[in-house]
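A.B. asks: Below you'll find structure-v6.txt; it's compact mmCIF, C-alpha atoms.
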# COMPACT_ATOMS: atom_id res chain seq x y z
CA ALA A 1 -17.34 -3.43 -1.59
CA GLN A 2 -14.23 -5.48 -1.31
CA SER A 3 -12.28 -6.07 1.86
CA VAL A 4 -9.26 -8.06 2.92
CA THR A 5 -8.48 -9.84 6.18
CA GLN A 6 -5.06 -11.00 7.28
CA LEU A 7 -5.16 -13.66 9.96
CA GLY A 8 -2.57 -13.02 12.63
CA SER A 9 -0.97 -9.67 13.26
CA HIS A 10 2.28 -11.42 14.23
CA VAL A 11 3.82 -14.65 12.99
CA SER A 12 7.05 -16.11 14.32
CA VAL A 13 9.03 -18.86 12.59
CA SER A 14 12.47 -20.36 12.95
CA GLU A 15 15.09 -19.82 10.28
CA GLY A 16 14.65 -22.54 7.66
CA ALA A 17 11.02 -23.22 8.54
CA LEU A 18 8.00 -22.79 6.31
CA VAL A 19 6.47 -19.32 6.17
CA LEU A 20 2.68 -19.15 5.83
CA LEU A 21 0.88 -15.81 5.97
CA ARG A 22 -2.88 -15.96 5.55
CA CYS A 23 -5.10 -13.63 3.58
CA ASN A 24 -8.81 -13.81 2.82
CA TYR A 25 -10.71 -11.36 0.68
CA SER A 26 -14.29 -10.40 0.13
CA SER A 27 -15.36 -9.46 -3.37
CA SER A 28 -18.30 -10.15 -5.64
CA VAL A 29 -15.98 -11.21 -8.46
CA PRO A 30 -12.39 -12.42 -8.30
CA PRO A 31 -10.34 -9.25 -7.83
CA TYR A 32 -6.75 -8.44 -8.49
CA LEU A 33 -4.70 -9.61 -5.50
CA PHE A 34 -1.31 -8.52 -4.27
CA TRP A 35 1.23 -9.11 -1.54
CA TYR A 36 3.60 -6.35 -0.49
CA VAL A 37 6.50 -6.30 1.97
CA GLN A 38 7.55 -3.35 4.10
CA TYR A 39 10.93 -3.12 5.81
CA PRO A 40 11.37 -0.65 8.68
CA ASN A 41 11.23 3.01 7.67
CA GLN A 42 10.62 2.16 4.05
CA GLY A 43 7.74 2.12 1.61
CA LEU A 44 6.05 -1.03 0.42
CA GLN A 45 7.56 -3.30 -2.22
CA LEU A 46 5.45 -5.50 -4.47
CA LEU A 47 6.19 -9.19 -3.85
CA LEU A 48 3.74 -10.75 -6.28
CA LYS A 49 0.36 -10.28 -7.91
CA TYR A 50 -2.55 -12.29 -9.23
CA THR A 51 -4.56 -10.83 -12.09
CA THR A 52 -5.85 -13.70 -14.22
CA GLY A 53 -4.65 -17.09 -15.39
CA ALA A 54 -2.47 -19.41 -13.33
CA THR A 55 -3.61 -19.52 -9.74
CA LEU A 56 -0.16 -20.24 -8.30
CA VAL A 57 1.86 -17.08 -8.52
CA LYS A 58 5.59 -16.85 -7.95
CA GLY A 59 7.16 -13.65 -6.71
CA ILE A 60 10.47 -12.26 -5.63
CA ASN A 61 12.68 -13.57 -2.82
CA GLY A 62 11.30 -17.12 -3.13
CA PHE A 63 7.74 -16.24 -2.12
CA GLU A 64 4.65 -17.62 -3.81
CA ALA A 65 0.90 -17.40 -3.30
CA GLU A 66 -2.06 -19.43 -4.47
CA PHE A 67 -5.41 -17.92 -5.43
CA LYS A 68 -8.25 -20.16 -4.26
CA LYS A 69 -11.56 -18.82 -5.46
CA SER A 70 -13.63 -21.36 -3.53
CA GLU A 71 -11.97 -20.31 -0.28
CA THR A 72 -11.59 -16.61 -1.22
CA SER A 73 -8.01 -16.89 -0.07
CA PHE A 74 -4.60 -15.78 -1.28
CA HIS A 75 -2.12 -17.13 1.26
CA LEU A 76 1.59 -16.31 0.98
CA THR A 77 4.20 -19.02 1.47
CA LYS A 78 7.94 -19.53 1.40
CA PRO A 79 9.48 -22.97 1.92
CA SER A 80 12.43 -21.83 4.03
CA ALA A 81 12.58 -18.61 6.02
CA HIS A 82 15.68 -16.43 6.09
CA MET A 83 16.53 -13.84 8.72
CA SER A 84 16.24 -11.21 6.00
CA ASP A 85 12.54 -12.07 5.56
CA ALA A 86 11.69 -10.39 8.86
CA ALA A 87 9.38 -7.53 7.87
CA GLU A 88 5.72 -6.58 7.68
CA TYR A 89 3.65 -8.14 4.94
CA PHE A 90 0.47 -6.70 3.48
CA CYS A 91 -2.17 -8.41 1.40
CA ALA A 92 -4.12 -6.11 -0.90
CA VAL A 93 -7.15 -6.35 -3.17
CA ARG A 94 -8.20 -4.20 -6.08
CA GLY A 95 -11.63 -4.71 -7.54
CA HIS A 96 -12.85 -4.28 -11.09
CA THR A 97 -15.31 -1.57 -10.12
CA GLY A 98 -15.93 0.84 -7.28
CA GLY A 99 -13.34 3.42 -8.20
CA PHE A 100 -10.51 0.94 -8.62
CA LYS A 101 -8.93 1.74 -5.29
CA THR A 102 -6.66 -0.86 -3.73
CA ILE A 103 -7.55 -1.90 -0.20
CA PHE A 104 -4.84 -3.19 2.11
CA GLY A 105 -5.06 -5.64 4.95
CA ALA A 106 -3.89 -4.67 8.41
CA GLY A 107 -0.56 -6.37 7.89
CA THR A 108 1.27 -9.31 9.43
CA ARG A 109 4.63 -8.81 11.06
CA LEU A 110 6.93 -11.76 10.44
CA PHE A 111 9.61 -12.56 13.00
CA VAL A 112 12.37 -15.03 12.11
CA LYS A 113 14.25 -16.71 14.96
CA ALA A 114 17.80 -17.91 14.60
CA GLU B 1 15.18 4.38 -13.75
CA ALA B 2 14.24 6.54 -10.81
CA GLY B 3 11.59 5.19 -8.49
CA VAL B 4 8.82 7.09 -6.79
CA THR B 5 10.33 9.98 -4.89
CA GLN B 6 8.76 11.76 -1.95
CA SER B 7 9.77 14.89 -0.14
CA PRO B 8 10.41 15.83 2.52
CA THR B 9 11.42 12.67 4.36
CA HIS B 10 10.39 14.10 7.69
CA LEU B 11 8.13 17.00 8.56
CA ILE B 12 7.33 18.42 11.96
CA LYS B 13 4.41 20.81 12.27
CA THR B 14 2.41 22.41 15.01
CA ARG B 15 -1.28 21.69 15.48
CA GLY B 16 -3.36 24.01 13.31
CA GLN B 17 -0.66 24.55 10.71
CA GLN B 18 -0.68 23.31 7.12
CA ALA B 19 1.55 20.59 5.67
CA THR B 20 2.50 20.07 2.03
CA LEU B 21 3.88 16.74 0.87
CA ARG B 22 5.25 16.07 -2.60
CA CYS B 23 5.53 13.04 -4.82
CA SER B 24 7.06 12.30 -8.21
CA PRO B 25 5.89 9.10 -9.91
CA ILE B 26 7.88 6.70 -12.01
CA SER B 27 8.41 8.00 -15.51
CA GLY B 28 5.50 6.93 -17.69
CA HIS B 29 3.06 6.44 -14.81
CA THR B 30 0.14 8.83 -14.99
CA SER B 31 -1.56 7.74 -11.77
CA VAL B 32 -0.57 8.76 -8.26
CA TYR B 33 -2.07 7.30 -5.11
CA TRP B 34 -1.77 8.64 -1.57
CA TYR B 35 -2.09 6.49 1.56
CA GLN B 36 -1.87 7.28 5.25
CA GLN B 37 -0.14 4.73 7.48
CA ALA B 38 -0.84 5.64 11.07
CA LEU B 39 0.43 3.52 13.92
CA GLY B 40 -1.81 0.53 14.40
CA LEU B 41 -4.22 1.52 11.63
CA GLY B 42 -2.65 -0.02 8.54
CA LEU B 43 -2.74 1.73 5.17
CA GLN B 44 -5.75 3.93 4.61
CA PHE B 45 -6.53 5.12 1.08
CA LEU B 46 -6.52 8.90 0.78
CA LEU B 47 -6.59 10.03 -2.85
CA TRP B 48 -6.07 8.86 -6.42
CA TYR B 49 -5.04 11.22 -9.21
CA ASP B 50 -4.83 10.32 -12.87
CA GLU B 51 -4.12 12.60 -15.83
CA GLY B 52 -4.44 15.64 -13.60
CA GLU B 53 -7.86 14.74 -12.22
CA GLU B 54 -8.96 13.44 -8.83
CA ARG B 55 -10.43 10.00 -9.59
CA ASN B 56 -11.28 8.71 -6.15
CA ARG B 57 -11.13 9.78 -2.56
CA GLY B 58 -11.02 7.87 0.69
CA ASN B 59 -12.96 8.55 3.86
CA PHE B 60 -10.99 11.58 4.99
CA PRO B 61 -12.19 15.12 5.81
CA PRO B 62 -11.93 17.90 3.20
CA ARG B 63 -8.88 19.39 4.92
CA PHE B 64 -6.98 16.60 3.16
CA SER B 65 -6.62 17.69 -0.43
CA GLY B 66 -4.17 17.59 -3.26
CA ARG B 67 -3.51 18.04 -6.90
CA GLN B 68 -1.60 16.57 -9.79
CA PHE B 69 0.54 18.66 -12.06
CA PRO B 70 0.99 18.36 -15.86
CA ASN B 71 4.23 16.40 -15.32
CA TYR B 72 2.17 13.92 -13.19
CA SER B 73 3.88 14.85 -9.95
CA SER B 74 1.50 15.38 -7.08
CA GLU B 75 1.08 17.35 -3.91
CA LEU B 76 -0.87 16.41 -0.79
CA ASN B 77 -2.00 19.25 1.45
CA VAL B 78 -3.25 18.80 4.97
CA ASN B 79 -4.84 21.89 6.51
CA ALA B 80 -5.62 22.62 10.15
CA LEU B 81 -3.34 19.85 11.35
CA GLU B 82 -4.47 17.70 14.24
CA LEU B 83 -2.35 15.50 16.47
CA GLU B 84 -3.92 12.37 14.97
CA ASP B 85 -2.65 13.35 11.52
CA SER B 86 0.78 12.19 12.66
CA ALA B 87 1.58 9.28 10.36
CA LEU B 88 3.69 8.01 7.50
CA TYR B 89 2.23 9.29 4.23
CA LEU B 90 2.98 7.02 1.33
CA CYS B 91 2.74 7.89 -2.32
CA ALA B 92 2.55 5.25 -5.04
CA SER B 93 2.33 5.26 -8.79
CA GLY B 94 0.96 2.68 -11.15
CA LEU B 95 -0.59 1.85 -14.50
CA GLN B 96 -4.06 0.72 -15.55
CA GLY B 97 -5.69 1.98 -12.41
CA GLY B 98 -3.38 -0.10 -10.25
CA SER B 99 -4.28 -3.44 -11.78
CA TYR B 100 -0.59 -4.32 -12.06
CA GLY B 101 0.22 -3.17 -8.56
CA TYR B 102 1.88 -0.07 -7.23
CA THR B 103 5.40 1.20 -6.84
CA PHE B 104 5.69 3.02 -3.53
CA GLY B 105 7.94 5.81 -2.40
CA SER B 106 9.67 5.70 0.97
CA GLY B 107 7.13 8.05 2.51
CA THR B 108 7.00 11.30 4.43
CA ARG B 109 6.88 11.00 8.20
CA LEU B 110 4.61 13.79 9.43
CA THR B 111 4.69 14.59 13.12
CA VAL B 112 2.19 17.05 14.55
CA VAL B 113 3.08 18.50 17.95
Any chance you could give the structure as structure tokens?
C.D. replies:
Amino acid sequence: AQSVTQLGSHVSVSEGALVLLRCNYSSSVPPYLFWYVQYPNQGLQLLLKYTTGATLVKGINGFEAEFKKSETSFHLTKPSAHMSDAAEYFCAVRGHTGGFKTIFGAGTRLFVKA
Amino acid sequence: EAGVTQSPTHLIKTRGQQATLRCSPISGHTSVYWYQQALGLGLQFLLWYDEGEERNRGNFPPRFSGRQFPNYSSELNVNALELEDSALYLCASGLQGGSYGYTFGSGTRLTVV
């Protein structure tokens, strides 16, 4: 069964600094991988996804993530944080078997300091 | 194009009562997924419906149930409400079993008192 671990429940960065949110997954074969963002009192919005092909994936709002099979990781980055990036971010994994359900990590809350 | 819509936005119920939550997927999406987001517990998978059938179920008791209608909208029912059922219930729709990701609604905040 697949699982996903997000390292750090809270991350704080200064405006303009690099954002790095870590995600590791457990799966017998490379799964589909996703990052979602949730703003207060809202549902989740898909930031980016990895299915097959290029391992560096670009998403919305300047975010990107790199799939590293050898490290079973899918870390999310953004070169320069904006105040508007403050939100909760969820990494998710969907396997190729096992009922096709998508499993979400516990989430990382990003704080951006002025 | 309308997104995933959920109703009601907020719902307050008394312990032991039943709650009914509704979801309309994006036009063209046949799959609907339900998740529970309780404080401090992340998103927990509840149910997946596709083409009117229940395809998968998470680790929740049978008092959590639902159905999908011919127009692909869905209903989540929670019977015999308990205080710990208080949570944000999120509905999502997607294609290809979710392999392209989900589009989420804004959720129904259920409070059990």
A.B. asks: Between A:Val37, A:Leu48, A:Val19, A:Leu7, single out the one closest to Glu88 in chain A, counting only C-alpha atoms.
C.D. replies: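 Using only C-alpha atoms, the shortest distance to Glu88 in chain A belongs to A:Val37.
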A.B. asks: When you count all atoms listed in the file, which of these residues is closest to Val29 in chain A: A:Leu110, A:Val57, A:Val93, A:Ile103?
C.D. replies: A:Val93
A.B. asks: Please provide the set of residues having any atom within 12 Å of Gly42 in chain B, restricted to all atoms listed in the file, with same-chain residues fewer than 6 positions apart removed, written as an MDAnalysis selection string.
C.D. replies: (chainID A and resid 4:6 9 38 44 88:92 103:109) or (chainID B and resid 35:36 87:90)
A.B. asks: Filtering to C-alpha atoms, could you give me those residues as an mmCIF file, in the coordinates of the input?
C.D. replies:
data_model
loop_
_atom_site.group_PDB
_atom_site.id
_atom_site.type_symbol
_atom_site.label_atom_id
_atom_site.label_comp_id
_atom_site.auth_asym_id
_atom_site.auth_seq_id
_atom_site.Cartn_x
_atom_site.Cartn_y
_atom_site.Cartn_z
ATOM 1 C CA VAL A 4 -9.260 -8.060 2.920
ATOM 2 C CA THR A 5 -8.480 -9.840 6.180
ATOM 3 C CA GLN A 6 -5.060 -11.000 7.280
ATOM 4 C CA SER A 9 -0.970 -9.670 13.260
ATOM 5 C CA GLN A 38 7.550 -3.350 4.100
ATOM 6 C CA LEU A 44 6.050 -1.030 0.420
ATOM 7 C CA GLU A 88 5.720 -6.580 7.680
ATOM 8 C CA TYR A 89 3.650 -8.140 4.940
ATOM 9 C CA PHE A 90 0.470 -6.700 3.480
ATOM 10 C CA CYS A 91 -2.170 -8.410 1.400
ATOM 11 C CA ALA A 92 -4.120 -6.110 -0.900
ATOM 12 C CA ILE A 103 -7.550 -1.900 -0.200
ATOM 13 C CA PHE A 104 -4.840 -3.190 2.110
ATOM 14 C CA GLY A 105 -5.060 -5.640 4.950
ATOM 15 C CA ALA A 106 -3.890 -4.670 8.410
ATOM 16 C CA GLY A 107 -0.560 -6.370 7.890
ATOM 17 C CA THR A 108 1.270 -9.310 9.430
ATOM 18 C CA ARG A 109 4.630 -8.810 11.060
ATOM 19 C CA TYR B 35 -2.090 6.490 1.560
ATOM 20 C CA GLN B 36 -1.870 7.280 5.250
ATOM 21 C CA ALA B 87 1.580 9.280 10.360
ATOM 22 C CA LEU B 88 3.690 8.010 7.500
ATOM 23 C CA TYR B 89 2.230 9.290 4.230
ATOM 24 C CA LEU B 90 2.980 7.020 1.330
#
A.B. asks: Give me, as CSV, each residue of chain A that comes within 8 Å of chain B, together with its shortest interatomic pair and the distance in Å at one decimal, counting only C-alpha atoms, with rows ordered by chain and rising residue number.
C.D. replies:
residue,atom,partner,partner_atom,distance
A:Tyr32,CA,B:Ser99,CA,6.5
A:Phe34,CA,B:Gly101,CA,7.0
A:Asn41,CA,B:Ser106,CA,7.4
A:Gln42,CA,B:Ser106,CA,4.8
A:Gly43,CA,B:Ser106,CA,4.1
A:Leu44,CA,B:Phe104,CA,5.7
A:Gln45,CA,B:Phe104,CA,6.7
A:Leu46,CA,B:Gly101,CA,7.0
A:Lys49,CA,B:Gly101,CA,7.1
A:Thr51,CA,B:Ser99,CA,7.4
A:Arg94,CA,B:Ser99,CA,7.0
A:Gly99,CA,B:Asn56,CA,6.0
A:Phe100,CA,B:Gly97,CA,6.2
A:Lys101,CA,B:Asn56,CA,7.4
A:Thr102,CA,B:Gly98,CA,7.3
A:Ile103,CA,B:Phe45,CA,7.2
A:Phe104,CA,B:Leu43,CA,6.2
A:Gly105,CA,B:Gly42,CA,7.1
A:Ala106,CA,B:Gly42,CA,4.8
A:Gly107,CA,B:Gly42,CA,6.7
A.B. asks: Put those residues in a file: C-alpha atoms, as an mmCIF file, keeping the file's coordinate frame.
C.D. replies:
data_model
loop_
_atom_site.group_PDB
_atom_site.id
_atom_site.type_symbol
_atom_site.label_atom_id
_atom_site.label_comp_id
_atom_site.auth_asym_id
_atom_site.auth_seq_id
_atom_site.Cartn_x
_atom_site.Cartn_y
_atom_site.Cartn_z
ATOM 1 C CA TYR A 32 -6.750 -8.440 -8.490
ATOM 2 C CA PHE A 34 -1.310 -8.520 -4.270
ATOM 3 C CA ASN A 41 11.230 3.010 7.670
ATOM 4 C CA GLN A 42 10.620 2.160 4.050
ATOM 5 C CA GLY A 43 7.740 2.120 1.610
ATOM 6 C CA LEU A 44 6.050 -1.030 0.420
ATOM 7 C CA GLN A 45 7.560 -3.300 -2.220
ATOM 8 C CA LEU A 46 5.450 -5.500 -4.470
ATOM 9 C CA LYS A 49 0.360 -10.280 -7.910
ATOM 10 C CA THR A 51 -4.560 -10.830 -12.090
ATOM 11 C CA ARG A 94 -8.200 -4.200 -6.080
ATOM 12 C CA GLY A 99 -13.340 3.420 -8.200
ATOM 13 C CA PHE A 100 -10.510 0.940 -8.620
ATOM 14 C CA LYS A 101 -8.930 1.740 -5.290
ATOM 15 C CA THR A 102 -6.660 -0.860 -3.730
ATOM 16 C CA ILE A 103 -7.550 -1.900 -0.200
ATOM 17 C CA PHE A 104 -4.840 -3.190 2.110
ATOM 18 C CA GLY A 105 -5.060 -5.640 4.950
ATOM 19 C CA ALA A 106 -3.890 -4.670 8.410
ATOM 20 C CA GLY A 107 -0.560 -6.370 7.890
#
A.B. asks: So, counting all atoms listed in the file, which residue among B:Ser73, B:Thr14, B:Ser86, B:Thr111 is closest to Trp34 in chain B?
C.D. replies: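 Closest to Trp34 in chain B of all the choices is B:Ser73.
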A.B. asks: Env of range 17-22 of chain B: 8 Å cut, atoms = all atoms listed in the file, seq-sep filter 5 positions within chain, self excluded. Answer as a list in words.
C.D. replies: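 Final neighbour list, sorted by chain and number: Gln6, Ser7, Pro8, Ser73, Ser74, Glu75, Leu76, Asn77, Val78, Asn79, Ala80, Leu81 and Thr108 of chain B.
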A.B. asks: Could you write out the selected residues, including C-alpha atoms, as a JSON list (two decimals), in the coordinates of the input?
C.D. replies:
[["chain", "number", "residue", "atom", "x", "y", "z"],
["B", 6, "GLN", "CA", 8.76, 11.76, -1.95],
["B", 7, "SER", "CA", 9.77, 14.89, -0.14],
["B", 8, "PRO", "CA", 10.41, 15.83, 2.52],
["B", 73, "SER", "CA", 3.88, 14.85, -9.95],
["B", 74, "SER", "CA", 1.50, 15.38, -7.08],
["B", 75, "GLU", "CA", 1.08, 17.35, -3.91],
["B", 76, "LEU", "CA", -0.87, 16.41, -0.79],
["B", 77, "ASN", "CA", -2.00, 19.25, 1.45],
["B", 78, "VAL", "CA", -3.25, 18.80, 4.97],
["B", 79, "ASN", "CA", -4.84, 21.89, 6.51],
["B", 80, "ALA", "CA", -5.62, 22.62, 10.15],
["B", 81, "LEU", "CA", -3.34, 19.85, 11.35],
["B", 108, "THR", "CA", 7.00, 11.30, 4.43]]
A.B. asks: With distances taken over only C-alpha atoms, which of A:Phe74, A:His96, A:Ala81, A:Trp35 is nearest to Gly62 in chain A?
C.D. replies: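 That would be A:Ala81, the residue with the smallest distance to Gly62 in chain A.
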A.B. asks: Distance CA of His29 in chain B-CA of Glu53 in chain B, one decimal place?
C.D. replies: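 CA of Glu53 in chain B lies 14.0 Å from CA of His29 in chain B.
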A.B. asks: Please return as a PyMOL selection string every residue within 10 Å of (12.0, -13.6, -3.8), taking into account all atoms listed in the file and the file's own coordinates.
C.D. replies: chain A and resi 47-48+58-64+78+85
A.B. asks: Have a look at A:Ala65, A:Tyr50, A:His75, A:Ala114 and name the one nearest to Ala17 in chain A; count all atoms listed in the file.
C.D. replies: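 Closest to Ala17 in chain A, using all atoms listed in the file: A:Ala114.
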